[in-house]
Every structure is written in C-alpha cells, then in structure tokens.
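A.B. asks: File input.cif follows (mmCIF, C-alpha atoms):
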```cif
data_coords
#
loop_
_atom_site.label_atom_id
_atom_site.label_comp_id
_atom_site.auth_asym_id
_atom_site.auth_seq_id
_atom_site.Cartn_x
_atom_site.Cartn_y
_atom_site.Cartn_z
CA MET T 1 11.96 101.16 16.12
CA ALA T 2 13.34 97.72 15.38
CA LYS T 3 11.71 95.68 12.72
CA LYS T 4 10.21 92.34 13.61
CA ALA T 5 11.97 89.46 11.93
CA SER T 6 10.00 87.89 9.18
CA LYS T 7 8.61 84.41 9.51
CA SER T 8 11.37 82.84 7.48
CA THR T 9 14.23 84.29 9.54
CA ARG T 10 12.78 83.58 13.00
CA LYS T 11 14.11 80.63 14.89
CA ARG T 12 11.68 77.83 15.02
CA THR T 13 10.84 76.68 18.46
CA THR T 14 8.87 73.55 17.92
CA ARG T 15 8.46 71.03 20.63
CA ARG T 16 9.68 67.56 20.04
CA LYS T 17 7.45 64.75 21.04
CA THR T 18 9.36 62.43 23.27
CA THR T 19 8.75 58.78 22.79
CA ARG T 20 9.13 56.46 25.70
CA THR T 21 10.14 52.91 25.32
CA VAL T 22 7.64 50.77 27.13
CA ARG T 23 8.95 47.52 28.48
CA HIS T 24 6.28 44.91 28.71
CA LYS T 25 6.59 42.24 31.33
CA THR T 26 6.83 38.87 29.75
CA SER T 27 4.38 36.37 31.07
CA THR T 28 5.52 33.43 33.12
CA ALA T 29 4.33 31.09 30.37
CA ARG T 30 6.60 32.75 27.82
CA ARG T 31 9.57 32.49 30.14
CA GLY T 32 9.06 28.78 30.53
CA GLY T 33 7.04 28.88 33.75
CA ARG T 34 10.04 29.45 35.99
CA LYS T 35 10.92 32.38 38.17
CA TRP T 36 14.40 33.67 38.93
CA SER T 37 13.89 33.08 42.64
CA GLN T 38 13.17 29.43 41.91
CA ARG T 39 16.44 29.21 39.98
CA VAL T 40 18.30 30.77 42.91
CA THR T 41 16.74 28.37 45.40
CA GLU T 42 17.59 25.35 43.24
CA GLY T 43 21.01 26.31 41.93
CA SER T 44 22.39 28.68 44.52
CA ASP T 45 25.92 28.33 45.80
CA ALA T 46 24.58 28.79 49.31
CA LEU T 47 23.24 25.26 49.91
CA ASP T 48 22.23 21.94 48.41
CA LEU T 49 18.65 21.90 49.67
CA LYS T 50 16.42 18.91 50.18
CA GLN T 51 13.40 19.21 47.91
CA GLY T 52 10.29 20.55 49.65
CA VAL T 53 12.12 21.74 52.74
CA PHE T 54 10.15 25.00 52.91
CA SER T 55 6.78 23.33 52.45
CA GLN T 56 7.07 21.34 55.69
CA LYS T 57 4.75 22.35 58.52
CA ASP T 58 7.02 21.77 61.52
CA PRO T 59 9.55 24.58 62.17
CA LYS T 60 11.92 22.16 63.93
CA ARG T 61 12.03 19.91 60.87
CA ILE T 62 12.62 22.88 58.54
CA ALA T 63 15.48 24.09 60.75
CA ALA T 64 16.97 20.61 61.08
CA SER T 65 16.86 20.08 57.33
CA LEU T 66 18.48 23.45 56.65
CA LYS T 67 21.18 22.75 59.25
CA ARG T 68 21.89 19.32 57.78
CA SER T 69 22.03 20.74 54.25
CA ALA T 70 24.31 23.59 55.32
CA GLU T 71 26.75 21.31 57.11
CA ARG T 72 26.92 18.78 54.28
CA SER T 73 27.07 21.26 51.41
CA HIS T 74 30.38 21.83 49.69
CA ARG T 75 29.00 24.66 47.57
CA ARG T 76 28.39 27.16 50.34
CA LYS T 77 30.55 30.27 50.59
CA SER T 78 30.23 31.09 54.30
CA ASP T 79 29.78 29.21 57.55
CA PRO T 80 26.83 26.76 57.81
CA TYR T 81 24.70 28.92 60.15
CA ARG T 82 24.93 31.95 57.91
CA SER T 83 24.16 29.98 54.77
CA ALA T 84 21.12 28.29 56.29
CA MET T 85 19.75 31.52 57.76
CA SER T 86 20.28 33.47 54.54
CA MET T 87 18.43 30.84 52.50
CA LEU T 88 15.50 30.86 54.91
CA THR T 89 15.39 34.67 54.94
CA PHE T 90 15.60 34.73 51.15
CA TYR T 91 12.63 32.38 50.90
CA ILE T 92 10.56 34.51 53.31
CA ASN T 93 11.42 37.74 51.50
CA ARG T 94 10.64 36.32 48.05
CA GLY T 95 7.28 35.07 49.32
CA GLY T 96 6.29 38.65 50.07
CA LYS T 97 2.58 39.37 50.13
CA THR T 98 1.67 36.01 48.67
CA LEU T 99 2.95 34.20 51.76
CA SER T 100 0.06 33.53 54.12
CA ALA T 101 0.27 34.75 57.71
CA SER T 102 0.34 31.22 59.12
CA ARG T 103 3.07 30.16 56.68
CA LYS T 104 5.15 33.22 57.52
CA ARG T 105 4.72 32.50 61.25
CA THR T 106 5.94 28.94 60.72
CA LEU T 107 8.99 30.13 58.79
CA GLU T 108 9.79 32.79 61.41
CA ARG T 109 9.61 30.07 64.08
CA ALA T 110 11.97 28.01 61.93
CA LYS T 111 14.44 30.91 62.09
CA GLU T 112 14.24 30.89 65.89
CA GLU T 113 14.69 27.11 65.92
CA LEU T 114 17.67 27.37 63.57
CA ARG T 115 19.32 29.80 65.99
CA LYS T 116 18.74 27.32 68.84
CA GLN T 117 20.13 24.38 66.87
CA PHE T 118 23.28 26.30 66.04
CA GLY T 119 23.60 27.53 69.65
CA ARG T 120 23.03 31.19 68.81
CA ALA T 121 19.77 31.82 70.65
#
```
How would this structure read if it were set down as structure tokens?
C.D. replies:
Amino acid sequence: MAKKASKSTRKRTTRRKTTRTVRHKTSTARRGGRKWSQRVTEGSDALDLKQGVFSQKDPKRIAASLKRSAERSHRRKSDPYRSAMSMLTFYINRGGKTLSASRKRTLERAKEELRKQFGRA
C-alpha cells in the first residue's frame, strides 16, 4: 500500500483570485462636453458642412445644402454624391435611439431627395 504524501510534500492547488480591470466611462462633462461624433461631423475630411444643416425641417433644403457643400468642398475624398450621402447616413446612425421618429423620417426623406438631386433616383 502506498503511503499518502504528507501535507508539506503535496502540491498546493490554491485558486488564484482573478482581478478584472474595470474601465469607467468618463462623463461628458469631464471630456469637455464634446462627443467624438461631433468632432467627426465638424472636422471630417468628407465635407465642409454648413452649420445646422441637419436641424432643418425641410428634406429638400437638407439635401440641397449637403449637395452644395459636397460640390464646393476641397477636403472630400470621393465623389460629391458619395460624400454627401455618407455624411447624412453617419448622422442618422449616430442619432440611434435618441433620434425621434419624425426626425428620422425627415432625414430618410432627405436621403431620397439627395438621390433625386444627383440624378440617382
């Protein structure tokens, strides 16, 4: 019969407690009150936007403003239609759940109008 190993010679099998690093979200106030999506909208290479373009109520005016900005911009990387549409889509996507249904409808109509104005309906 084999002898049982004494306490001192047995391998210790203790469990290690794992510590997780918890990343706390910094508040908007600590970051200076600005969001990264706001920085993208203002300083993107896609377009030089007119201030308040997305807050307009008329889809035709939103589309016309985006088209004008896209055609005049020297900072865009692709053709004017693509730049204007991508900026509008970006704004809709970043709005997410906080965008009201009526506002989202207006912006979706602006997309349709933008297609018409660029002759891609």
A.B. asks: Given the file above and the PyMOL selection byres ((chain T and resi 67) around 8), which residues are selected, and can you give them as a list in words?
C.D. replies: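 Evaluating the PyMOL selection byres ((chain T and resi 67) around 8) on these coordinates yields Ala63, Ala64, Ser65, Leu66, Arg68, Ser69, Ala70, Glu71, Pro80, Tyr81, Ala84, Leu114, Gln117 and Phe118 of chain T.
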A.B. asks: Given the point (14.6, 22.3, 50.5) in the file's coordinates, find the residues that have an atom at most 9 Å from it, counting all atoms listed in the file, and give them as a PyMOL selection string.
C.D. replies: chain T and resi 41-42+48-55+62+65-66+69
A.B. asks: Work out how far apart CA of Gly95 in chain T and CA of Arg39 in chain T are and give it in Å to one decimal.
C.D. replies: 14.3 Å
A.B. asks: State, in Å with one decimal place, the distance from CA of Lys111 in chain T to CA of Leu88 in chain T.
C.D. replies: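 Going from CA of Lys111 in chain T over to CA of Leu88 in chain T covers 7.3 Å.
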A.B. asks: Can you measure CA of Ile92 in chain T to CA of Glu108 in chain T for me? One decimal in Å is fine.
C.D. replies: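 Between these atoms lies a distance of 8.3 Å.
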